[in-house]
Amino acid sequence: MSLNGKVAIVTGASRGIGRQMAIQLARSGAKVAVNYSSSRGKADEVVMTIEQFGGQAAAIQADVSKVSEVEALFSETLERFGRVDILVNNAGILENNAITDVTEEIFDRHFAINVKGTYFACQQAMKHMAKGGTIVNFSTSVSGAMLPTYSVYAATKGAVEQLTRQLAKEFGPKDIVINCIAPGQVSTDLFLNGKSPELVDSFRRMNAFGRLGEPEDIANALELLVSDKARWITGQTIRVNGGFI
Ligand SMILES: NC(=O)c1ccc[n+]([C@@H]2O[C@H](COP(=O)([O-])OP(=O)(O)OC[C@H]3O[C@@H](n4cnc5c(N)ncnc54)[C@H](OP(=O)(O)O)[C@@H]3O)[C@@H](O)[C@H]2O)c1
């Protein structure tokens, strides 16, 4: 697959799944806006990795929970690379809490980053994305597994899945496809932070292969969705989870 001449924005690309997706999109030829919130050094390292194999990328700071910063992310990308063909709404947070421990601040922060960030980046895509573009949002397989302590997080991802379905017919006339990847447990900070080795092990045993997903497993699925062969797939949520659910 060649993405030569295409420009991608990957939100939350300083670490974890986003980092790997940025690198793989760049390996396929795309120029990549490597968005981050606070990890400047890590985002610069992703850009360096891409430049080392001859790719082009730029680290662009923007807190996706702020509409003005999402707008700036698009305008900086357009200034730098001239167009936007691929938007990957990957930035997200997860805090596990029993319902009685959820504060208004926790609730609002999750919705601001996971839902509002995705929504207003889609709005920017409607305004600025080139015809023939691709949007990939991020949900979670937990929205199907319905595990305890995930209520706020899963609610945000349920909203992302619905807005993916909802927006498909608004983007269709612009020849833009929009889909959602719902990973299972992937070995990143988001999944590992705060979990005991025993708990991590029990998650490892819940899928068909007895291992955690790796960022590359998810980045490979992204590559399928951005390929020219996937243009009849839109409005869908695709679980990428080794058979977890
Ligand atoms: N890992 C899993 O098991 C798993 C499973 C299902 C779904 N997912 C989904 O996959 C996506 C990526 O998860 P991950 O595991 O790679 O997470 P991660 O390792 O924690 O990385 C999160 C990334 O999001 C960025 N980010 C956080 N808040 C942001 C904000 N307000 N504005 C812009 N960027 C922000 C972080 O940037 P900084 O470094 O600057 O903070 C970082 O680059 C998320 O949407 C997550 O819900 C993950």
# chains A, B, ... in the order shown; residues from 1 in each chain; ligands from 1
call {"tool": "residues_near_ligand", "arguments": {"ligand": "ligand 1", "cutoff": "7 Å", "atoms": "only C-alpha atoms and all ligand atoms", "output": "PyMOL selection string"}}
result
chain A and resi 11-19+35-40+62-65+90-94+113-114+138-141+182-191
call {"tool": "write_last_selection", "arguments": {"atoms": "N, CA and C atoms", "output": "compact mmCIF listing (two decimals), in the first residue's frame"}}
result
# COMPACT_ATOMS: atom_id res chain seq x y z
N THR A 11 -3.96 11.91 16.37
CA THR A 11 -4.00 12.54 17.70
C THR A 11 -3.44 11.55 18.72
N GLY A 12 -2.78 12.10 19.75
CA GLY A 12 -2.19 11.23 20.78
C GLY A 12 -1.15 10.29 20.19
N ALA A 13 -0.21 10.84 19.43
CA ALA A 13 0.76 9.99 18.73
C ALA A 13 2.12 9.97 19.42
N SER A 14 2.21 10.53 20.62
CA SER A 14 3.50 10.54 21.32
C SER A 14 3.83 9.20 21.97
N ARG A 15 2.77 8.42 22.25
CA ARG A 15 2.99 7.15 22.98
C ARG A 15 2.02 6.09 22.45
N GLY A 16 2.27 4.84 22.89
CA GLY A 16 1.29 3.77 22.74
C GLY A 16 0.88 3.49 21.30
N ILE A 17 -0.42 3.27 21.13
CA ILE A 17 -0.96 2.87 19.82
C ILE A 17 -0.76 3.99 18.80
N GLY A 18 -0.97 5.24 19.23
CA GLY A 18 -0.86 6.39 18.31
C GLY A 18 0.55 6.51 17.74
N ARG A 19 1.53 6.29 18.59
CA ARG A 19 2.93 6.35 18.16
C ARG A 19 3.17 5.36 17.02
N ASN A 35 0.45 14.48 16.82
CA ASN A 35 -0.14 15.31 17.89
C ASN A 35 0.19 14.74 19.27
N TYR A 36 0.36 15.65 20.22
CA TYR A 36 0.56 15.24 21.61
C TYR A 36 -0.06 16.30 22.50
N SER A 37 -0.22 15.93 23.78
CA SER A 37 -0.78 16.89 24.72
C SER A 37 0.33 17.49 25.58
N SER A 38 1.09 16.62 26.27
CA SER A 38 2.15 17.14 27.15
C SER A 38 3.53 16.51 26.91
N SER A 39 3.57 15.35 26.23
CA SER A 39 4.85 14.63 26.08
C SER A 39 5.64 15.12 24.88
N ARG A 40 6.14 16.32 24.97
CA ARG A 40 6.87 16.92 23.85
C ARG A 40 8.08 16.07 23.41
N ALA A 62 -1.42 19.96 20.91
CA ALA A 62 -2.81 20.43 21.00
C ALA A 62 -3.54 19.54 21.99
N ASP A 63 -4.21 20.16 22.93
CA ASP A 63 -5.08 19.41 23.85
C ASP A 63 -6.42 19.25 23.14
N VAL A 64 -6.75 18.02 22.75
CA VAL A 64 -7.94 17.83 21.90
C VAL A 64 -9.24 18.14 22.63
N SER A 65 -9.17 18.30 23.96
CA SER A 65 -10.41 18.64 24.68
C SER A 65 -10.77 20.11 24.51
N ASN A 90 -7.22 9.16 17.86
CA ASN A 90 -6.73 8.13 18.77
C ASN A 90 -6.58 8.63 20.21
N ALA A 91 -6.37 9.93 20.42
CA ALA A 91 -6.10 10.45 21.78
C ALA A 91 -7.24 10.04 22.71
N GLY A 92 -6.88 9.50 23.85
CA GLY A 92 -7.92 9.08 24.78
C GLY A 92 -7.35 8.83 26.16
N ILE A 93 -8.24 8.85 27.15
CA ILE A 93 -7.83 8.54 28.53
C ILE A 93 -8.77 7.50 29.13
N LEU A 94 -8.22 6.78 30.10
CA LEU A 94 -8.99 5.78 30.85
C LEU A 94 -8.59 5.85 32.31
N ILE A 113 -12.10 14.76 26.52
CA ILE A 113 -11.01 14.26 25.67
C ILE A 113 -11.53 13.20 24.68
N ASN A 114 -12.25 12.22 25.19
CA ASN A 114 -12.61 11.07 24.35
C ASN A 114 -13.73 11.40 23.35
N PHE A 138 -11.62 6.01 17.65
CA PHE A 138 -11.21 4.93 18.55
C PHE A 138 -12.21 4.66 19.66
N SER A 139 -12.71 3.43 19.67
CA SER A 139 -13.55 2.96 20.77
C SER A 139 -12.75 1.92 21.57
N THR A 140 -13.44 0.99 22.18
CA THR A 140 -12.80 -0.08 22.94
C THR A 140 -13.69 -1.31 22.91
N SER A 141 -13.10 -2.49 22.98
CA SER A 141 -13.91 -3.72 23.05
C SER A 141 -14.64 -3.82 24.38
N ALA A 182 -12.12 -0.68 17.57
CA ALA A 182 -12.34 -0.95 19.00
C ALA A 182 -11.34 -2.01 19.46
N PRO A 183 -10.18 -1.57 19.96
CA PRO A 183 -9.17 -2.55 20.37
C PRO A 183 -9.60 -3.31 21.63
N GLY A 184 -8.98 -4.48 21.80
CA GLY A 184 -9.03 -5.15 23.11
C GLY A 184 -7.85 -4.65 23.92
N GLN A 185 -7.38 -5.44 24.88
CA GLN A 185 -6.30 -4.98 25.76
C GLN A 185 -4.98 -4.92 24.99
N VAL A 186 -4.40 -3.74 24.99
CA VAL A 186 -3.13 -3.52 24.27
C VAL A 186 -2.08 -3.06 25.28
N SER A 187 -0.89 -3.57 25.11
CA SER A 187 0.18 -3.31 26.06
C SER A 187 0.70 -1.87 25.96
N THR A 188 0.00 -0.95 26.59
CA THR A 188 0.39 0.47 26.62
C THR A 188 0.17 1.01 28.03
N ASP A 189 0.62 2.25 28.25
CA ASP A 189 0.42 2.90 29.55
C ASP A 189 -1.06 2.88 29.94
N LEU A 190 -1.92 3.20 28.97
CA LEU A 190 -3.36 3.33 29.27
C LEU A 190 -3.90 2.04 29.88
N PHE A 191 -3.50 0.91 29.34
CA PHE A 191 -4.01 -0.36 29.85
C PHE A 191 -3.25 -0.81 31.10
call {"tool": "atom_distance", "arguments": {"atom1": "atom CA of A:Ile135", "atom2": "atom CA of A:Arg109"}}
result
23.1 Å
call {"tool": "closest_residue", "arguments": {"among": "A:Met129, A:Ile245, A:Asn179, A:Lys66", "to": "A:Asn207", "atoms": "only C-alpha atoms"}}
result
A:Ile245
call {"tool": "residues_around", "arguments": {"residues": "A:Ala33", "least_positions_apart": "2", "cutoff": "9 Å", "atoms": "only C-alpha atoms", "output": "PyMOL selection string"}}
result
chain A and resi 7-11+13+22+31+35+47+56-60+73+76-77+80-81
call {"tool": "write_last_selection", "arguments": {"atoms": "N, CA and C atoms", "output": "PDB file, in the first residue's frame"}}
result
ATOM      1  N   VAL A   7      -1.529  13.114   3.553  1.00  0.00           N
ATOM      2  CA  VAL A   7      -1.164  13.727   4.836  1.00  0.00           C
ATOM      3  C   VAL A   7      -2.107  13.203   5.910  1.00  0.00           C
ATOM      4  N   ALA A   8      -1.524  12.760   7.016  1.00  0.00           N
ATOM      5  CA  ALA A   8      -2.317  12.190   8.111  1.00  0.00           C
ATOM      6  C   ALA A   8      -2.123  12.998   9.390  1.00  0.00           C
ATOM      7  N   ILE A   9      -3.224  13.148  10.140  1.00  0.00           N
ATOM      8  CA  ILE A   9      -3.131  13.663  11.508  1.00  0.00           C
ATOM      9  C   ILE A   9      -3.437  12.489  12.426  1.00  0.00           C
ATOM     10  N   VAL A  10      -2.523  12.205  13.359  1.00  0.00           N
ATOM     11  CA  VAL A  10      -2.791  11.173  14.371  1.00  0.00           C
ATOM     12  C   VAL A  10      -2.802  11.869  15.721  1.00  0.00           C
ATOM     13  N   THR A  11      -3.962  11.911  16.372  1.00  0.00           N
ATOM     14  CA  THR A  11      -4.003  12.542  17.696  1.00  0.00           C
ATOM     15  C   THR A  11      -3.444  11.548  18.722  1.00  0.00           C
ATOM     16  N   ALA A  13      -0.213  10.842  19.432  1.00  0.00           N
ATOM     17  CA  ALA A  13       0.759   9.992  18.734  1.00  0.00           C
ATOM     18  C   ALA A  13       2.118   9.968  19.422  1.00  0.00           C
ATOM     19  N   ALA A  22       1.409   6.323  13.778  1.00  0.00           N
ATOM     20  CA  ALA A  22       2.100   7.414  13.081  1.00  0.00           C
ATOM     21  C   ALA A  22       3.292   6.859  12.297  1.00  0.00           C
ATOM     22  N   LYS A  31       2.772  11.869   5.015  1.00  0.00           N
ATOM     23  CA  LYS A  31       3.372  12.864   5.904  1.00  0.00           C
ATOM     24  C   LYS A  31       2.471  12.923   7.132  1.00  0.00           C
ATOM     25  N   ASN A  35       0.453  14.479  16.824  1.00  0.00           N
ATOM     26  CA  ASN A  35      -0.138  15.314  17.889  1.00  0.00           C
ATOM     27  C   ASN A  35       0.191  14.737  19.266  1.00  0.00           C
ATOM     28  N   VAL A  47       8.929  11.773  15.695  1.00  0.00           N
ATOM     29  CA  VAL A  47       9.283  12.488  14.462  1.00  0.00           C
ATOM     30  C   VAL A  47      10.687  12.081  14.002  1.00  0.00           C
ATOM     31  N   GLN A  56       8.402  12.012   6.502  1.00  0.00           N
ATOM     32  CA  GLN A  56       8.207  13.404   6.943  1.00  0.00           C
ATOM     33  C   GLN A  56       7.141  13.454   8.021  1.00  0.00           C
ATOM     34  N   ALA A  57       7.423  14.208   9.084  1.00  0.00           N
ATOM     35  CA  ALA A  57       6.473  14.327  10.192  1.00  0.00           C
ATOM     36  C   ALA A  57       6.753  15.613  10.946  1.00  0.00           C
ATOM     37  N   ALA A  58       5.750  16.063  11.699  1.00  0.00           N
ATOM     38  CA  ALA A  58       5.926  17.239  12.557  1.00  0.00           C
ATOM     39  C   ALA A  58       5.179  16.993  13.856  1.00  0.00           C
ATOM     40  N   ALA A  59       5.830  17.317  14.971  1.00  0.00           N
ATOM     41  CA  ALA A  59       5.165  17.209  16.275  1.00  0.00           C
ATOM     42  C   ALA A  59       4.321  18.460  16.478  1.00  0.00           C
ATOM     43  N   ILE A  60       3.029  18.287  16.762  1.00  0.00           N
ATOM     44  CA  ILE A  60       2.141  19.445  16.944  1.00  0.00           C
ATOM     45  C   ILE A  60       1.379  19.287  18.253  1.00  0.00           C
ATOM     46  N   LEU A  73      -4.562  22.629  15.493  1.00  0.00           N
ATOM     47  CA  LEU A  73      -3.899  21.407  15.001  1.00  0.00           C
ATOM     48  C   LEU A  73      -4.117  21.263  13.491  1.00  0.00           C
ATOM     49  N   GLU A  76      -2.258  24.235  11.616  1.00  0.00           N
ATOM     50  CA  GLU A  76      -0.787  24.023  11.559  1.00  0.00           C
ATOM     51  C   GLU A  76      -0.425  22.914  10.583  1.00  0.00           C
ATOM     52  N   THR A  77      -1.258  21.858  10.561  1.00  0.00           N
ATOM     53  CA  THR A  77      -0.990  20.746   9.627  1.00  0.00           C
ATOM     54  C   THR A  77      -1.117  21.239   8.185  1.00  0.00           C
ATOM     55  N   ARG A  80       1.812  23.379   7.270  1.00  0.00           N
ATOM     56  CA  ARG A  80       3.043  22.605   7.137  1.00  0.00           C
ATOM     57  C   ARG A  80       3.025  21.683   5.912  1.00  0.00           C
ATOM     58  N   PHE A  81       1.872  20.984   5.704  1.00  0.00           N
ATOM     59  CA  PHE A  81       1.860  19.929   4.682  1.00  0.00           C
ATOM     60  C   PHE A  81       0.851  20.164   3.548  1.00  0.00           C
TER      61      PHE A  81
END
call {"tool": "residues_around", "arguments": {"residues": "A:Gln162", "least_positions_apart": "3", "cutoff": "12 Å", "atoms": "only C-alpha atoms", "output": "NGL selection string"}}
result
:A and (115 or 118-119 or 137-139 or 143 or 155-159 or 165-168 or 178-180 or 235-237)
call {"tool": "atom_distance", "arguments": {"atom1": "atom CA of A:Ile99", "atom2": "atom CA of A:Val160"}}
result
20.7 Å
call {"tool": "closest_residue", "arguments": {"among": "A:Lys195, A:Gly82, A:Met1, A:Lys127", "to": "A:Ala230", "atoms": "only C-alpha atoms"}}
result
A:Met1
call {"tool": "closest_residue", "arguments": {"among": "A:Gln20, A:Thr134, A:Ser196, A:Asn241", "to": "A:Ile86", "atoms": "only C-alpha atoms"}}
result
A:Thr134
call {"tool": "select_by_dssp", "arguments": {"residues": "stretch 29-174 of chain A", "states": "helix (DSSP H, G or I)", "output": "ChimeraX atom specification"}}
result
/A:40-52,67-81,99-101,104-128,142-145,151-174
call {"tool": "select_by_dssp", "arguments": {"residues": "stretch 23-244 of chain A", "states": "strand (DSSP E or B)", "output": "PyMOL selection string"}}
result
chain A and resi 31-36+57-61+86-89+134-138+177-183+186+213+237-240
call {"tool": "closest_residue", "arguments": {"among": "A:Gly41, A:Gly242, A:Gly133, A:Gly29", "to": "A:Arg205", "atoms": "only C-alpha atoms"}}
result
A:Gly242
call {"tool": "closest_residue", "arguments": {"among": "A:Gln124, A:Thr103, A:Gln24, A:Ser2", "to": "A:Lys229", "atoms": "only C-alpha atoms"}}
result
A:Ser2
